[in-house]
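All remarks here apply to the structure that follows.
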Amino acid sequence: MAGDGRTRSHHDVIVGVRMRHYQLFLPPLLLLLFLHTLLTPRLSLASAHVCDRRIVSSENLPKEGDVEAPELLNPEKHGLQCTYTFVAAPGERVQLYFRKFYLRGTPPDGSTMGVTPACNHEYLDVYTEIKNPNRVDLVNSPFGGRYCGHIPPRLRISLYNSIIISFFTDFTNTSSDLFLASYKFFNGSKYVVGDPSPDTLCGYVIHSGIQKQGQFMTPTYPGVYPKNITCFYKFNGKKGQRVRLEFRDFDLFYGGSHCPFDQIKMFDGPDHISPLIGTYCGQQRNLVIFSSGSTLLLTFSTLQRIADTQNRGFMGIFNFSESYVKLDFIKTKEAEHIRGTECDQRILSQAESNGTVYSPNYPFPYHPNIVCRYFIYGLQDAQNLERVRLQFFDVFEIPAKPKIDKNCSDGYLRIYLKGQEQENAYDKPDYELCGKTLPQTIVSYGPRLVMVFSSGNVHGGRFKASYKFETEYKIPGTPSPAGKCAFTYNSSSQKYGSFNSPRHPSNYPSNTTCEYTFRPNPDEQVQVAFEQFAVRSDNSNVTYRNHCQEDWVEIYNIYKPQGSDSERERLNGRYCKTLAPGPIESEPEAIGLRVVLRTNDVNVSSGFKANYEFKKKEVVEDCGGNITNQEYGIIHSPHWPDKYAGPDREAGAFSCNWFIHVRPYHKVLLWLQSFSVEGHPIERGCPAAIVRVWPDLDNIPIELCGENLSDDETLIISKSSVMRISFLTANRAVGSKGFEGIWTEIQDNFLPSGPKCEQFLCSTNNFCISKNLRCNNVPNCGAGDSSDEDNCVKATEVNVLMLVGVGLGISSVLLIVVCIWCHRKRVRRREDGALPHHVHVCERGARFASVDSGDRSLSPVLGTRQAHHLSRTSLRTETVV
């Protein structure tokens with residue numbers, strides 16, 4: 001216990017000494033700390049509330065100034081917040097503009113459009129919609145955005161009379177270089193337009209009797225406009241007046257072409273149920289709106305959202321006037337005034353309709369300084385395509401000042417044919433008209449024709465024009481004057497060219513008939529070749545020679561009988577699917593060729609493209625010809641058995657024509673024993689080359705291409721005693737093996753005397769052919785029947801027998817001559833006594849004439865045995881004599 005007491009006493013002594021020590025040094029320390037606080041500009045954490053500032057507008061103080069970031073010490077890195085409050089006087093607004101801004105931090109998206117909880121360590125919050133600065137609840141106040149980084153917030157203007165910015169940091173120190181902002185208090189009366197509507201934030205009614213012209217804008221323009229607000233501006237004019245709004249600045253958040261977020265809507269009347277002029281957002285340039293009558297309603301609405309858009313809004317001027325163009329010159333039955341414009345009108349086709357357009361104030365002179373646009377649009381859809389024909393009449397007068405160049409110097413009427421209005425390329429017109437000369441007829445290139453009339457500064461005249469919508473087929477050639485799908489191609493105008501189905505390569509329209517007529521000169525023929533072909537057919541089993549039932553292309557030769565004024569046509573073939581017609585040329589006796597496209601009312605396809613060329617009528621000796629007075633023959637493609645070639649560069653594609661005539665009561669049998677011609681009759685048709693066979697000259701031909709022919713295509717019989725065969729290639733041909741065929745005259749079974757065959761009857765095919773064709777080394781009975789060549793002596797055997805017979809005959813004649821000569825000579829010598837009776841005087845001569853085994857001159861013909869026999873016979877004859 002005693003020890004404990006000593007211990008406590010010692011402790012108390014030490015504490016007392018220390019207390020006296022602190023009491024001795026504490027006053028100087030407090031004094032130094034106080035002096036440090038007075039002398040340093042920095043603030044400690046204990047005095048953070050001192051950085052808040054409140055700037056109030058007063059008549060005795062400047063209306064503008066600068067504020068900068070506070071200088072703070074924060075060694076413990078506690079969160080520190082400084083609030084700047086700007087309060088304007090009644091009727092005033094506050095403007096805040098950041099001249100310098102660099103807060104330490106990076107927004108999530110790398111920009112200054114900060115959104116909570118971005119910028120974690122240092123940021124600036126903005127509040128511009130403070131209704132009562134004396135009772136501030138920032139948590140529940142509309143939030144204007146959080147910012148950090150180096151890009152400052154955009155210009156801000158208070159919605160009421162106050163703006164608050166809140167600066168937060170948890171860094172150890174800050175400096176005034178972090179931001180610098182300029183504030184300004186100014187009169188807010190410019191935001192009040194007309195009579196404010198009760199119980200609205202920004203609703204105004206403007207009466208022309210009180211204010212005929214003025215300015216209107218978003219509630220915080222040119223600062224960032226608030227979110228989640230709705231404003232309206234209702235313009236009420238007097239009878240006979242129209243309202244004009246011109247936007248000098250327009251910058252709203254763009255959320256898409258339909259403006260689903262922030263937007264302006266304008267109604268051509270006093271309320272929301274009036275016709276809508278338009279909905280606008282994004283950035284607009286040169287936006288000018290006119291009312292049709294004396295009233296117009298504009299509404300401005302923004303959505304509530306967290307993201308800070310930082311768009312300015314809009315500013316414009318309004319004007320009420322009786323001098324704007326009266327709209328009675330627009331004929332409502334034909335045209336429609338474009339709402340929102342002063343005098344623009346829209347004319348839409350009613351399927352080949354027509355009408356009339358007039359100058360403003362017609363029939364009276366137009367007023368100066370007006371611009372009216374005429375949008376004349378024909379049909380353009382999957383089934384229709386039109387163009388516009390414009391013709392001026394009555395009077396045309398647009399005064400023009402004298403000028404050296406040809407352009408109209410003041411008033412003008414500009415015409416656009418290529419859709420330049422879609423790109424606002426109004427400085428590139430196709431025609432610019434003025435003066436008093438009646439313009440020529442103008443036809444648009446497509447479905448659009450636009451006229452822009454500017455009256456200029458001169459009180460002018462007037463004009464009047466008729467318009468007509470006619471179907472645009474986009475087909476080269478001379479169109480029918482009636483506007484039908486009928487086109488003519490004359491050799492006298494152009495020797496070659498192309499034509500196509502309507503709107504090719506786009507789909508052709510349904511319920512359409514198009515005719516393409518080709519007129520060669522009397523000494524010419526026209527050749528047509530298809531490059532692309534796709535004509536609708538629902539029948540998947542259609543082949544190259546079957547009839548098409550839905551859409552099709554037909555080709556006709558045109559004839560004009562002698563002594564007749566009317567023309568007649570003969571069908572060459574009907575085609576559909578992707579089976580392109582083969583190249584075709586008009587008949588020598590025809591006066592032209594006609595291609596016809598017919599479509600029904602169900603579905604369509606891309607159609608076709610083809611080329612044509614007018615050529616001189618030429619007879620090619622080695623290719624085709626007229627064949628008469630023959631019982632059979634062989635025809636083949638050029639250069640057979642080599643490949644026929646592609647088109648010659650100079651002569652181009654070629655054609656061959658055979659006309660085979662046989663005797664009456666006979667027919668022509670054609671057997672195509674070898675065939676290989678470009679094309680595929682099942683997949684693509686015969687666009688490059690084709691063989692046509694006319695069994696009946698008055699009917700359509702059989703058309704052949706490809707590799708494999710069917711039985712009825714391999715063996716073809718004419719209907720009469722005449723058959724025509726042609727072979728044509730197009731410029732796209734590359735060449736192939738070609739073909740070879742055997743034609744034979746066969747007896748017609750249906751004879752007046754009966755069906756009996758008096759010549760040779762083929763055993764398998766039962767064709768009656770001439771007996772002269774028997775054993776001629778040509779299979780005239782056709783495919784699968786060789787009876788006319790069976791049991792025939794071969795040519796080699798016949799030749800050997802003939803040589804043997806000739807040799808024997810010659811040898812016999814020589815032997816007889818030699819014997820007669822020897823006999824006579826012997827008789828003469830015996831009579832003269834020159835030779836004894838027993839001497840064989842002619843022995844040497846007989847031996848010379850005989851042929852023994854050593855004589856080789858006749859052995860190749862007669863053989864050894866025959867020669868030896870002749871020698872022995874000769875000797876015996878000589879001995880007997």
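Letters A, B, ... go to the chains of the structure tokens in the order shown; residues in each chain start at 1; ligands are counted from 1 in the same order.
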
> Out of range 358-524 of chain A, which residues get strand (DSSP E) from DSSP, as a ChimeraX atom specification?
Replying inline: /A:358,371-377,386-397,412-416,431-433,442-443,448-454,462-471,478-479,486-490,496-500,513-519,524

>> So that I can see what lies close to range 586-592 of chain A, please list as a ChimeraX atom specification the residues with an atom at most 12 Å from it, counting only C-alpha atoms and leaving out residues fewer than 3 positions away in the same chain.
In response: /A:488-491,516-529,555-562,567-572,583,595,612-619,655,657,697,724,726,728

>> Given only C-alpha atoms as the basis, pick out the residue of A:Ile634, A:Leu327, A:Ala382, A:Ala465 nearest to Arg503 in chain A.
In response: A:Ala382

>> Show me, as an NGL selection string, the residues that have an atom within 10 Å of Asn120 in chain A when counting only C-alpha atoms, minus same-chain residues fewer than 4 positions from it.
In response: :A and (104-107 or 116 or 148 or 168-170)

>> With only C-alpha atoms as the counted atoms, please give the residues lying no more than 8 Å from range 295-310 of chain A, apart from itself and same-chain residues fewer than 6 positions off, as an MDAnalysis selection string.
In response: chainID A and resid 113:115 144:145 154 224:237 242:243 253 261:272

> So which residues touch Phe216 in chain A within 7 Å, counting only C-alpha atoms, skipping near sequence neighbours fewer than 3 positions away, as a list of chain:residue names?
Replying inline: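 The neighbour list is A:Tyr191, A:Val193, A:Met315, A:Gly316, A:Ile317.
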
>> Quick one: residues within 8 Å of Val668 in chain A, only C-alpha atoms, excluding same-chain residues fewer than 6 positions away - as a list in words?
In response: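 Contacts, with the query itself left out: Ile660, His661, Val662, Ile717, Ser718, Ser720, Ser721, Val722, Met723, Trp743, Thr744, Glu745 and Ile746 of chain A.
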
>> If I take CA of Ser676 in chain A and CA of Lys577 in chain A, how far is one from the other in Å, to one decimal?
In response: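 About the pair CA of Ser676 in chain A and CA of Lys577 in chain A: they are 23.0 Å apart.
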
> Which parts of range 656-813 of chain A does DSSP call helix (DSSP H, G or I) when run on the backbone here, written out as JSON, numbers by chain?
Replying inline: {"A": [711, 712, 713, 714, 771, 772, 773, 787, 788, 789, 795, 796, 797, 798, 799, 800, 801, 802, 803, 804, 805, 806, 807, 808, 809, 810, 811, 812, 813]}

> Restricting the calculation to only C-alpha atoms, which member of A:Ile725, A:Asn772, A:Arg574, A:Pro439 is positioned closest to Asn626 in chain A?
Replying inline: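 Result for the nearest residue to Asn626 in chain A: A:Ile725.
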
Find the residues around His547 in chain A up to 12 Å (only C-alpha atoms counted), leave out those fewer than 3 positions away in its own chain, and share them as a PDB file with N, CA and C atoms, in the first residue's frame.
ATOM      1  N   SER A 537     -42.614 -16.958-115.158  1.00  0.00           N
ATOM      2  CA  SER A 537     -43.440 -18.113-115.488  1.00  0.00           C
ATOM      3  C   SER A 537     -43.597 -18.930-114.218  1.00  0.00           C
ATOM      4  N   ASN A 539     -44.982 -21.874-114.099  1.00  0.00           N
ATOM      5  CA  ASN A 539     -44.928 -23.290-114.432  1.00  0.00           C
ATOM      6  C   ASN A 539     -43.468 -23.742-114.475  1.00  0.00           C
ATOM      7  N   ASN A 541     -42.335 -26.542-115.219  1.00  0.00           N
ATOM      8  CA  ASN A 541     -42.089 -27.540-116.262  1.00  0.00           C
ATOM      9  C   ASN A 541     -41.964 -26.925-117.645  1.00  0.00           C
ATOM     10  N   VAL A 542     -42.015 -25.612-117.742  1.00  0.00           N
ATOM     11  CA  VAL A 542     -41.890 -24.965-119.048  1.00  0.00           C
ATOM     12  C   VAL A 542     -40.506 -25.235-119.611  1.00  0.00           C
ATOM     13  N   THR A 543     -40.448 -25.679-120.846  1.00  0.00           N
ATOM     14  CA  THR A 543     -39.186 -25.877-121.532  1.00  0.00           C
ATOM     15  C   THR A 543     -39.106 -24.917-122.696  1.00  0.00           C
ATOM     16  N   TYR A 544     -38.008 -25.049-123.443  1.00  0.00           N
ATOM     17  CA  TYR A 544     -37.750 -24.069-124.492  1.00  0.00           C
ATOM     18  C   TYR A 544     -38.805 -24.077-125.580  1.00  0.00           C
ATOM     19  N   GLU A 550     -48.078 -17.199-118.385  1.00  0.00           N
ATOM     20  CA  GLU A 550     -48.205 -15.984-117.568  1.00  0.00           C
ATOM     21  C   GLU A 550     -47.665 -14.774-118.339  1.00  0.00           C
ATOM     22  N   ASP A 551     -46.403 -14.493-118.211  1.00  0.00           N
ATOM     23  CA  ASP A 551     -45.766 -13.421-118.982  1.00  0.00           C
ATOM     24  C   ASP A 551     -44.927 -14.066-120.077  1.00  0.00           C
ATOM     25  N   TRP A 552     -44.786 -13.365-121.207  1.00  0.00           N
ATOM     26  CA  TRP A 552     -43.987 -13.942-122.285  1.00  0.00           C
ATOM     27  C   TRP A 552     -43.505 -12.862-123.242  1.00  0.00           C
ATOM     28  N   VAL A 553     -42.546 -13.275-124.068  1.00  0.00           N
ATOM     29  CA  VAL A 553     -42.042 -12.475-125.188  1.00  0.00           C
ATOM     30  C   VAL A 553     -42.331 -13.241-126.464  1.00  0.00           C
ATOM     31  N   GLU A 554     -42.924 -12.557-127.419  1.00  0.00           N
ATOM     32  CA  GLU A 554     -43.186 -13.153-128.729  1.00  0.00           C
ATOM     33  C   GLU A 554     -42.441 -12.361-129.794  1.00  0.00           C
ATOM     34  N   GLY A 573     -41.944 -17.402-132.436  1.00  0.00           N
ATOM     35  CA  GLY A 573     -41.818 -18.173-131.206  1.00  0.00           C
ATOM     36  C   GLY A 573     -42.251 -17.367-130.003  1.00  0.00           C
ATOM     37  N   ARG A 574     -42.559 -18.066-128.912  1.00  0.00           N
ATOM     38  CA  ARG A 574     -42.937 -17.455-127.631  1.00  0.00           C
ATOM     39  C   ARG A 574     -41.965 -17.956-126.575  1.00  0.00           C
ATOM     40  N   TYR A 575     -41.520 -17.041-125.675  1.00  0.00           N
ATOM     41  CA  TYR A 575     -40.447 -17.377-124.751  1.00  0.00           C
ATOM     42  C   TYR A 575     -40.755 -16.810-123.361  1.00  0.00           C
ATOM     43  N   CYS A 576     -40.265 -17.496-122.319  1.00  0.00           N
ATOM     44  CA  CYS A 576     -40.437 -17.034-120.940  1.00  0.00           C
ATOM     45  C   CYS A 576     -39.379 -17.693-120.062  1.00  0.00           C
ATOM     46  N   LYS A 577     -39.527 -17.535-118.751  1.00  0.00           N
ATOM     47  CA  LYS A 577     -38.540 -17.988-117.762  1.00  0.00           C
ATOM     48  C   LYS A 577     -37.190 -17.344-118.078  1.00  0.00           C
ATOM     49  N   LEU A 579     -35.213 -18.771-120.347  1.00  0.00           N
ATOM     50  CA  LEU A 579     -34.852 -19.423-121.599  1.00  0.00           C
ATOM     51  C   LEU A 579     -34.850 -18.387-122.724  1.00  0.00           C
ATOM     52  N   ILE A 700     -44.491 -22.075-136.617  1.00  0.00           N
ATOM     53  CA  ILE A 700     -43.270 -21.689-135.912  1.00  0.00           C
ATOM     54  C   ILE A 700     -42.222 -22.778-136.071  1.00  0.00           C
TER      55      ILE A 700
END

> Do you have the CA of Gly706 in chain A-CA of Phe608 in chain A distance handy?
Replying inline: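 Result for CA of Gly706 in chain A versus CA of Phe608 in chain A: 21.3 Å, one decimal.
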
>> Restricting the calculation to only C-alpha atoms: of A:Asn708, A:Asn611, A:Asn731, A:Ser736, which residue gets closest to Val677 in chain A?
In response: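 The closest residue to Val677 in chain A is A:Ser736.
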
>> Please compute the CA of Gly679 in chain A-CA of Phe654 in chain A distance, one decimal, in Å.
In response: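 Between CA of Gly679 in chain A and CA of Phe654 in chain A the gap is 16.6 Å.
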
>> Given only C-alpha atoms as the basis, pick out the residue of A:His666, A:Arg99, A:Lys468, A:Arg146 nearest to Asp177 in chain A.
In response: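 Among A:His666, A:Arg99, A:Lys468, A:Arg146, it is A:Arg99 that comes nearest to Asp177 in chain A.
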